[in-house]
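Structure below is run-v9.pdb: PDB, C-alpha atoms.
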ATOM      1  CA  GLN R1022     255.665 158.534 -48.964
ATOM      2  CA  GLN R1023     258.672 158.557 -46.653
ATOM      3  CA  THR R1024     257.080 161.360 -44.645
ATOM      4  CA  ALA R1025     253.828 159.416 -44.288
ATOM      5  CA  THR R1026     255.703 156.262 -43.272
ATOM      6  CA  SER R1027     257.688 158.265 -40.739
ATOM      7  CA  GLU R1028     254.506 159.905 -39.404
ATOM      8  CA  ILE R1029     252.817 156.539 -38.937
ATOM      9  CA  LEU R1030     255.868 155.158 -37.124
ATOM     10  CA  GLY R1031     255.703 158.245 -34.893
ATOM     11  CA  VAL R1032     252.045 157.537 -34.110
ATOM     12  CA  ILE R1033     252.940 153.898 -33.351
ATOM     13  CA  ALA R1034     255.665 155.053 -30.949
ATOM     14  CA  SER R1035     253.381 157.554 -29.215
ATOM     15  CA  SER R1036     250.426 155.140 -28.873
ATOM     16  CA  PRO R1037     251.800 151.992 -27.220
ATOM     17  CA  THR R1038     248.429 151.110 -25.667
ATOM     18  CA  ASP R1039     245.943 152.655 -28.102
ATOM     19  CA  ILE R1040     245.844 151.343 -31.647
ATOM     20  CA  GLN R1041     243.025 153.584 -32.916
ATOM     21  CA  PRO R1042     245.256 156.606 -33.712
ATOM     22  CA  VAL R1043     247.481 154.287 -35.770
ATOM     23  CA  PHE R1044     244.544 152.859 -37.732
ATOM     24  CA  ASN R1045     243.250 156.379 -38.397
ATOM     25  CA  ALA R1046     246.677 157.584 -39.587
ATOM     26  CA  VAL R1047     247.148 154.517 -41.803
ATOM     27  CA  ALA R1048     243.685 154.925 -43.389
ATOM     28  CA  GLU R1049     244.242 158.628 -44.061
ATOM     29  CA  SER R1050     247.727 158.095 -45.515
ATOM     30  CA  ALA R1051     246.616 155.135 -47.631
ATOM     31  CA  ALA R1052     243.747 157.099 -49.172
ATOM     32  CA  ARG R1053     245.893 160.163 -49.826
ATOM     33  CA  LEU R1054     249.054 158.526 -51.131
ATOM     34  CA  CYS R1055     247.347 155.817 -53.180
ATOM     35  CA  ASP R1056     245.088 158.453 -54.745
ATOM     36  CA  SER R1057     241.912 156.660 -53.725
ATOM     37  CA  HIS R1058     238.590 158.085 -52.655
ATOM     38  CA  ASP R1059     238.647 156.204 -49.379
ATOM     39  CA  ALA R1060     240.441 153.640 -47.242
ATOM     40  CA  GLN R1061     239.003 151.163 -44.782
ATOM     41  CA  ILE R1062     240.727 148.910 -42.277
ATOM     42  CA  TYR R1063     239.252 145.672 -40.958
ATOM     43  CA  ARG R1064     240.421 143.398 -38.118
ATOM     44  CA  VAL R1065     239.748 139.709 -37.809
ATOM     45  CA  GLU R1066     237.918 138.654 -34.637
ATOM     46  CA  GLY R1067     237.373 134.905 -34.816
ATOM     47  CA  ASP R1068     235.147 134.279 -37.831
ATOM     48  CA  ILE R1069     234.083 137.906 -38.293
ATOM     49  CA  VAL R1070     235.763 141.145 -39.361
ATOM     50  CA  ARG R1071     235.249 144.461 -37.604
ATOM     51  CA  LYS R1072     235.771 147.746 -39.409
ATOM     52  CA  VAL R1073     238.223 149.666 -37.226
ATOM     53  CA  ALA R1074     238.954 152.719 -39.382
ATOM     54  CA  SER R1075     237.608 154.574 -42.385
ATOM     55  CA  HIS R1076     238.758 157.677 -44.206
ATOM     56  CA  GLY R1077     237.340 159.238 -47.337
ATOM     57  CA  ILE R1078     234.346 160.477 -49.247
ATOM     58  CA  ILE R1079     232.578 157.262 -50.300
ATOM     59  CA  SER R1080     229.619 156.322 -48.136
ATOM     60  CA  PRO R1081     230.676 153.283 -46.102
ATOM     61  CA  ILE R1082     228.800 149.996 -46.375
ATOM     62  CA  LEU R1083     229.722 149.292 -42.735
ATOM     63  CA  ALA R1084     230.261 151.934 -40.074
ATOM     64  CA  VAL R1085     233.390 151.829 -37.915
ATOM     65  CA  GLY R1086     232.749 149.257 -35.207
ATOM     66  CA  GLU R1087     230.311 147.160 -37.246
ATOM     67  CA  THR R1088     231.071 143.543 -38.098
ATOM     68  CA  ARG R1089     230.315 140.995 -40.791
ATOM     69  CA  PRO R1090     231.244 137.355 -41.359
ATOM     70  CA  ILE R1091     234.540 136.614 -43.067
ATOM     71  CA  ASN R1092     233.690 135.213 -46.479
ATOM     72  CA  ARG R1093     234.704 135.357 -50.113
ATOM     73  CA  VAL R1094     231.805 137.647 -51.093
ATOM     74  CA  GLY R1095     233.899 140.823 -50.955
ATOM     75  CA  PRO R1096     237.468 141.839 -51.761
ATOM     76  CA  SER R1097     238.529 142.363 -48.128
ATOM     77  CA  GLY R1098     237.225 138.900 -47.143
ATOM     78  CA  ARG R1099     239.029 137.313 -50.085
ATOM     79  CA  ALA R1100     242.261 139.125 -49.218
ATOM     80  CA  ILE R1101     241.983 137.839 -45.641
ATOM     81  CA  LEU R1102     241.140 134.261 -46.624
ATOM     82  CA  ASP R1103     243.630 134.007 -49.513
ATOM     83  CA  ARG R1104     246.342 136.017 -47.705
ATOM     84  CA  GLN R1105     247.093 137.976 -50.859
ATOM     85  CA  PRO R1106     246.002 141.259 -52.472
ATOM     86  CA  VAL R1107     242.736 141.406 -54.396
ATOM     87  CA  HIS R1108     242.693 144.035 -57.151
ATOM     88  CA  ILE R1109     239.452 144.633 -59.036
ATOM     89  CA  HIS R1110     240.070 146.963 -61.963
ATOM     90  CA  ASP R1111     236.375 147.444 -62.820
ATOM     91  CA  SER R1112     233.807 146.169 -60.343
ATOM     92  CA  LEU R1113     230.991 146.377 -62.889
ATOM     93  CA  ALA R1114     232.866 144.059 -65.247
ATOM     94  CA  VAL R1115     233.216 141.361 -62.569
ATOM     95  CA  LEU R1116     230.805 138.458 -62.885
ATOM     96  CA  ASP R1117     227.660 138.853 -60.761
ATOM     97  CA  GLU R1118     227.949 135.453 -59.144
ATOM     98  CA  GLU R1119     231.526 136.149 -58.038
ATOM     99  CA  TYR R1120     230.772 139.254 -55.942
ATOM    100  CA  ALA R1121     226.970 139.510 -56.222
ATOM    101  CA  ASP R1122     226.130 141.406 -53.014
ATOM    102  CA  VAL R1123     229.197 143.626 -53.132
ATOM    103  CA  ARG R1124     228.708 144.376 -56.823
ATOM    104  CA  ARG R1125     225.190 145.718 -56.148
ATOM    105  CA  ALA R1126     226.525 147.918 -53.334
ATOM    106  CA  ASP R1127     229.439 149.096 -55.499
ATOM    107  CA  GLU R1128     227.068 149.967 -58.314
ATOM    108  CA  HIS R1129     224.829 151.907 -55.910
ATOM    109  CA  LEU R1130     227.811 153.802 -54.418
ATOM    110  CA  GLY R1131     229.540 154.337 -57.764
ATOM    111  CA  ILE R1132     232.622 152.295 -56.815
ATOM    112  CA  ARG R1133     234.541 150.992 -59.813
ATOM    113  CA  THR R1134     238.111 150.097 -58.763
ATOM    114  CA  LEU R1135     239.076 148.335 -55.518
ATOM    115  CA  LEU R1136     242.236 147.050 -53.906
ATOM    116  CA  ALA R1137     242.299 144.980 -50.711
ATOM    117  CA  VAL R1138     245.553 143.930 -49.032
ATOM    118  CA  PRO R1139     245.671 141.536 -46.066
ATOM    119  CA  LEU R1140     247.284 142.394 -42.745
ATOM    120  CA  LEU R1141     249.600 139.422 -42.206
ATOM    121  CA  ARG R1142     251.280 138.472 -38.944
ATOM    122  CA  GLU R1143     253.581 135.471 -39.338
ATOM    123  CA  GLY R1144     251.574 134.336 -42.369
ATOM    124  CA  VAL R1145     248.209 134.602 -40.582
ATOM    125  CA  SER R1146     245.636 137.168 -41.719
ATOM    126  CA  VAL R1147     244.693 139.514 -38.887
ATOM    127  CA  GLY R1148     242.791 141.984 -41.057
ATOM    128  CA  ALA R1149     242.801 143.905 -44.322
ATOM    129  CA  ILE R1150     243.075 147.395 -45.777
ATOM    130  CA  MET R1151     240.829 148.256 -48.706
ATOM    131  CA  ILE R1152     240.985 151.330 -50.919
ATOM    132  CA  ARG R1153     238.407 152.296 -53.551
ATOM    133  CA  ARG R1154     237.916 154.643 -56.494
ATOM    134  CA  THR R1155     234.756 155.837 -58.206
ATOM    135  CA  GLU R1156     236.280 155.617 -61.665
ATOM    136  CA  VAL R1157     237.898 152.768 -63.557
ATOM    137  CA  ARG R1158     241.557 153.440 -62.840
ATOM    138  CA  PRO R1159     243.527 150.419 -61.653
ATOM    139  CA  PHE R1160     246.100 150.957 -58.931
ATOM    140  CA  THR R1161     249.727 150.985 -60.026
ATOM    141  CA  ASP R1162     252.341 148.487 -58.846
ATOM    142  CA  LYS R1163     253.860 151.305 -56.791
ATOM    143  CA  GLN R1164     250.512 152.014 -55.078
ATOM    144  CA  ILE R1165     249.982 148.300 -54.389
ATOM    145  CA  ALA R1166     253.456 148.083 -52.830
ATOM    146  CA  LEU R1167     252.741 151.200 -50.767
ATOM    147  CA  LEU R1168     249.463 149.749 -49.479
ATOM    148  CA  LYS R1169     251.365 146.588 -48.485
ATOM    149  CA  THR R1170     253.768 148.814 -46.527
ATOM    150  CA  PHE R1171     250.829 150.448 -44.735
ATOM    151  CA  ALA R1172     249.461 146.969 -43.964
ATOM    152  CA  ASP R1173     252.836 145.991 -42.486
ATOM    153  CA  GLN R1174     252.811 149.117 -40.312
ATOM    154  CA  ALA R1175     249.307 148.332 -39.054
ATOM    155  CA  VAL R1176     250.478 144.823 -38.113
ATOM    156  CA  ILE R1177     253.473 146.267 -36.248
ATOM    157  CA  ALA R1178     251.112 148.505 -34.288
ATOM    158  CA  ILE R1179     248.736 145.626 -33.490
ATOM    159  CA  GLU R1180     251.641 143.508 -32.280
ATOM    160  CA  ASN R1181     253.121 146.362 -30.214
ATOM    161  CA  VAL R1182     249.810 146.953 -28.419
ATOM    162  CA  ARG R1183     249.405 143.201 -27.796
ATOM    163  CA  LEU R1184     252.917 142.901 -26.367
ATOM    164  CA  PHE R1185     252.483 146.034 -24.248
ATOM    165  CA  GLN R1186     249.224 144.654 -22.815
ATOM    166  CA  GLU R1187     250.862 141.296 -22.063
ATOM    167  CA  LEU R1188     253.760 143.057 -20.352
ATOM    168  CA  THR R1189     251.363 145.191 -18.307
ATOM    169  CA  GLU R1190     249.375 142.105 -17.214
ATOM    170  CA  SER R1191     252.565 140.272 -16.270
ATOM    171  CA  LEU R1192     253.800 143.248 -14.272
ATOM    172  CA  GLU R1193     250.445 143.524 -12.480
ATOM    173  CA  GLN R1194     250.577 139.805 -11.602
ATOM    174  CA  GLN R1195     254.143 140.094 -10.312
ATOM    175  CA  THR R1196     253.198 143.154  -8.259
ATOM    176  CA  ALA R1197     250.203 141.344  -6.726
ATOM    177  CA  THR R1198     252.344 138.280  -5.945
ATOM    178  CA  SER R1199     255.003 140.485  -4.369
ATOM    179  CA  GLN R1200     252.402 142.243  -2.212
ATOM    180  CA  ILE R1201     250.966 138.921  -0.995
ATOM    181  CA  LEU R1202     254.464 137.606  -0.194
ATOM    182  CA  GLY R1203     255.164 140.840   1.718
ATOM    183  CA  VAL R1204     252.045 140.356   3.841
ATOM    184  CA  ILE R1205     252.976 136.716   4.502
ATOM    185  CA  ALA R1206     256.510 137.709   5.520
ATOM    186  CA  SER R1207     255.297 140.456   7.836
ATOM    187  CA  SER R1208     252.661 138.251   9.510
ATOM    188  CA  PRO R1209     254.268 134.845  10.107
ATOM    189  CA  THR R1210     251.882 133.911  12.964
ATOM    190  CA  ASP R1211     248.679 135.630  11.805
TER     191      ASP R1211
END
The structure given in the file should be rewritten as structure tokens.
Amino acid sequence: QQTATSEILGVIASSPTDIQPVFNAVAESAARLCDSHDAQIYRVEGDIVRKVASHGIISPILAVGETRPINRVGPSGRAILDRQPVHIHDSLAVLDEEYADVRRADEHLGIRTLLAVPLLREGVSVGAIMIRRTEVRPFTDKQIALLKTFADQAVIAIENVRLFQELTESLEQQTATSQILGVIASSPTD
């Protein structure tokens, strides 16, 4: 676990402008270390979520890059809206009306246990990580805590890329302003 955390921090440090390698590393580590069949990462974009990474053997409901509305129909949407983990021990035992559409998809794909953890930045949900199993085997407290750590790392990466982009824009604006002032200074009469 410490090695995986260290590896992800290394990817964050080496990808200051590109978040995709971080998402891929987080999804792979989450699936492997939480002993799940897959891991998916979603990002909030207004009132929709976009799947940004996927790792594992379960056929995805959404492909990477696809979007869907944020709602309470599925575990990742609930984790985002409620800003807390959603742990479904046995998806087939959950009431139909609670997760009707997702339950049908889970049944078709053979998914039985799910865990979704929100990505929180200053108390605001910016996405979620979801891991799934094809057998009824609830995730342990240690695995839930580990997935929260991976969520925190994803948020750090998102924030680093945002800050780096803001810094780059600011530097570009200052450079342009400096160039214009240089032209004005060198051409006082023209």
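Against the coordinates shown, the PyMOL selection byres ((chain R and resi 1082) around 9) returns R:Ser1080, R:Pro1081, R:Leu1083, R:Ala1084, R:Ala1126, R:Leu1130.
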Could you give me the centre and size, in Å to one decimal, of an axis-aligned box around all listed atoms of segment 1049-1068 of chain R with 6 Å added on every side, as JSON?
{"center_x": 242.1, "center_y": 147.2, "center_z": -44.7, "size_x": 25.9, "size_y": 37.9, "size_z": 32.1}
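The smallest atom-to-atom distance between Ile1078 of chain R and any of R:Gly1095, R:Pro1042, R:Gly1131, R:Pro1106, using all atoms listed in the file, is found for R:Gly1131.
When only C-alpha atoms are used to compute distances to Val1176 of chain R, the closest of the residues R:Pro1209, R:Gly1077, R:Pro1159, R:Pro1139 turns out to be R:Pro1139.
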### Message
Is it possible to get the residues within 12 Å of (232.5, 147.1, -32.2) (coordinates as in the file, counting all atoms listed in the file) written as a PyMOL selection string?
### Response
chain R and resi 1063-1066+1069-1074+1083-1089
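Selection by the PyMOL selection byres ((chain R and resi 1061) around 6) on the present file picks out Ala1060, Ile1062, Ala1074, Ser1075, Ile1150 and Met1151 of chain R.
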Polymer residues at most 12 Å from segment 1110-1116 of chain R, only C-alpha atoms, same-chain spacing of 6 or more positions, as an mmCIF file with C-alpha atoms, in the frame of the given file:
data_model
loop_
_atom_site.group_PDB
_atom_site.id
_atom_site.type_symbol
_atom_site.label_atom_id
_atom_site.label_comp_id
_atom_site.auth_asym_id
_atom_site.auth_seq_id
_atom_site.Cartn_x
_atom_site.Cartn_y
_atom_site.Cartn_z
ATOM 1 C CA VAL R 1094 231.805 137.647 -51.093
ATOM 2 C CA GLY R 1095 233.899 140.823 -50.955
ATOM 3 C CA PRO R 1096 237.468 141.839 -51.761
ATOM 4 C CA ASP R 1122 226.130 141.406 -53.014
ATOM 5 C CA VAL R 1123 229.197 143.626 -53.132
ATOM 6 C CA ARG R 1124 228.708 144.376 -56.823
ATOM 7 C CA ARG R 1125 225.190 145.718 -56.148
ATOM 8 C CA ALA R 1126 226.525 147.918 -53.334
ATOM 9 C CA ASP R 1127 229.439 149.096 -55.499
ATOM 10 C CA GLU R 1128 227.068 149.967 -58.314
ATOM 11 C CA HIS R 1129 224.829 151.907 -55.910
ATOM 12 C CA LEU R 1130 227.811 153.802 -54.418
ATOM 13 C CA GLY R 1131 229.540 154.337 -57.764
ATOM 14 C CA ILE R 1132 232.622 152.295 -56.815
ATOM 15 C CA ARG R 1133 234.541 150.992 -59.813
ATOM 16 C CA THR R 1134 238.111 150.097 -58.763
ATOM 17 C CA LEU R 1135 239.076 148.335 -55.518
ATOM 18 C CA LEU R 1136 242.236 147.050 -53.906
ATOM 19 C CA ALA R 1137 242.299 144.980 -50.711
ATOM 20 C CA ILE R 1152 240.985 151.330 -50.919
ATOM 21 C CA ARG R 1153 238.407 152.296 -53.551
ATOM 22 C CA ARG R 1154 237.916 154.643 -56.494
ATOM 23 C CA THR R 1155 234.756 155.837 -58.206
ATOM 24 C CA GLU R 1156 236.280 155.617 -61.665
ATOM 25 C CA VAL R 1157 237.898 152.768 -63.557
ATOM 26 C CA ARG R 1158 241.557 153.440 -62.840
ATOM 27 C CA PRO R 1159 243.527 150.419 -61.653
ATOM 28 C CA PHE R 1160 246.100 150.957 -58.931
ATOM 29 C CA THR R 1161 249.727 150.985 -60.026
#
### Message
Just to confirm, what's the straight-line distance from atom CA of Pro1090 of chain R to atom CA of Arg1142 of chain R in Å (one decimal)?
### Response
20.2 Å
### Task
Using all atoms listed in the file, find the one residue out of R:Asn1181, R:Gln1105, R:Gln1174, R:Thr1210 that sits nearest to Val1145 of chain R.
R:Gln1105
### Message
When you count only C-alpha atoms, which of these residues is closest to Asp1173 of chain R: R:Ser1146, R:Ser1035, R:Ser1207, R:Ser1057?
### Response
R:Ser1146
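Residues in contact range of Arg1093 of chain R, defined as at most 12 Å between only C-alpha atoms, with sequence neighbours fewer than 2 positions away removed, read Arg1089, Pro1090, Ile1091, Gly1095, Pro1096, Ser1097, Gly1098, Arg1099, Ala1100, Ile1101, Leu1102, Asp1103, Arg1104, Val1107, Glu1118, Glu1119, Tyr1120, Ala1121, Asp1122 and Val1123 of chain R.
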Any chance you could tabulate, as CSV, the residues of segment 1041-1152 of chain R at most 8 Å from segment 1167-1172 of chain R with each one's nearest atom pair and distance in Å to one decimal, using all atoms listed in the file, in chain and rising number order?
residue,atom,partner,partner_atom,distance
R:Val1047,CA,R:Phe1171,CA,6.2
R:Ala1051,CA,R:Leu1168,CA,6.4
R:Cys1055,CA,R:Leu1168,CA,7.4
R:Val1138,CA,R:Lys1169,CA,6.4
R:Pro1139,CA,R:Ala1172,CA,6.9
R:Leu1140,CA,R:Ala1172,CA,5.2
R:Leu1141,CA,R:Ala1172,CA,7.8
R:Ala1149,CA,R:Ala1172,CA,7.3
R:Ile1150,CA,R:Ala1172,CA,6.7
Export of prior selection with C-alpha atoms as a PDB file, in the coordinates of the input:
ATOM      1  CA  VAL R1047     247.148 154.517 -41.803  1.00  0.00           C
ATOM      2  CA  ALA R1051     246.616 155.135 -47.631  1.00  0.00           C
ATOM      3  CA  CYS R1055     247.347 155.817 -53.180  1.00  0.00           C
ATOM      4  CA  VAL R1138     245.553 143.930 -49.032  1.00  0.00           C
ATOM      5  CA  PRO R1139     245.671 141.536 -46.066  1.00  0.00           C
ATOM      6  CA  LEU R1140     247.284 142.394 -42.745  1.00  0.00           C
ATOM      7  CA  LEU R1141     249.600 139.422 -42.206  1.00  0.00           C
ATOM      8  CA  ALA R1149     242.801 143.905 -44.322  1.00  0.00           C
ATOM      9  CA  ILE R1150     243.075 147.395 -45.777  1.00  0.00           C
TER      10      ILE R1150
END
### Query
What is the atom CA of Ile1177 of chain R-atom CA of Val1043 of chain R distance in Å, reported with one decimal?
10.0 Å
### Query
Near Thr1038 of chain R, counting all atoms listed in the file, which residues have an atom at most 9 Å away, once you skip same-chain residues fewer than 5 positions from it, shown as a VMD selection string?
chain R and resid 1181 to 1183 1185 to 1186
Your completed segment 1160-1172 of chain R with N, CA, C and O atoms, as a compact mmCIF listing (two decimals), in the frame of the given file:
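So the final result, stored in rebuild-v3.txt, reads:
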# COMPACT_ATOMS: atom_id res chain seq x y z
N PHE R 1160 244.98 150.49 -59.74
CA PHE R 1160 246.10 150.96 -58.93
C PHE R 1160 247.41 150.48 -59.55
O PHE R 1160 247.48 149.39 -60.13
N THR R 1161 248.42 151.31 -59.46
CA THR R 1161 249.73 150.99 -60.03
C THR R 1161 250.47 150.01 -59.11
O THR R 1161 250.12 149.85 -57.93
N ASP R 1162 251.51 149.38 -59.66
CA ASP R 1162 252.34 148.49 -58.85
C ASP R 1162 252.93 149.24 -57.65
O ASP R 1162 253.04 148.69 -56.55
N LYS R 1163 253.29 150.48 -57.86
CA LYS R 1163 253.86 151.30 -56.79
C LYS R 1163 252.82 151.54 -55.69
O LYS R 1163 253.14 151.47 -54.50
N GLN R 1164 251.57 151.80 -56.07
CA GLN R 1164 250.51 152.01 -55.08
C GLN R 1164 250.19 150.72 -54.34
O GLN R 1164 249.94 150.74 -53.13
N ILE R 1165 250.22 149.60 -55.03
CA ILE R 1165 249.98 148.30 -54.39
C ILE R 1165 251.09 148.03 -53.37
O ILE R 1165 250.82 147.62 -52.24
N ALA R 1166 252.33 148.28 -53.75
CA ALA R 1166 253.46 148.08 -52.83
C ALA R 1166 253.34 149.01 -51.62
O ALA R 1166 253.61 148.60 -50.49
N LEU R 1167 252.90 150.24 -51.86
CA LEU R 1167 252.74 151.20 -50.77
C LEU R 1167 251.64 150.73 -49.81
O LEU R 1167 251.81 150.80 -48.58
N LEU R 1168 250.53 150.23 -50.35
CA LEU R 1168 249.46 149.75 -49.48
C LEU R 1168 249.94 148.55 -48.66
O LEU R 1168 249.58 148.41 -47.48
N LYS R 1169 250.79 147.71 -49.24
CA LYS R 1169 251.36 146.59 -48.48
C LYS R 1169 252.23 147.12 -47.34
O LYS R 1169 252.24 146.55 -46.24
N THR R 1170 252.96 148.20 -47.58
CA THR R 1170 253.77 148.81 -46.53
C THR R 1170 252.88 149.33 -45.40
O THR R 1170 253.18 149.13 -44.22
N PHE R 1171 251.77 149.98 -45.76
CA PHE R 1171 250.83 150.45 -44.74
C PHE R 1171 250.25 149.27 -43.96
O PHE R 1171 250.07 149.35 -42.74
N ALA R 1172 249.97 148.16 -44.64
CA ALA R 1172 249.46 146.97 -43.96
C ALA R 1172 250.50 146.46 -42.97
O ALA R 1172 250.16 146.10 -41.83
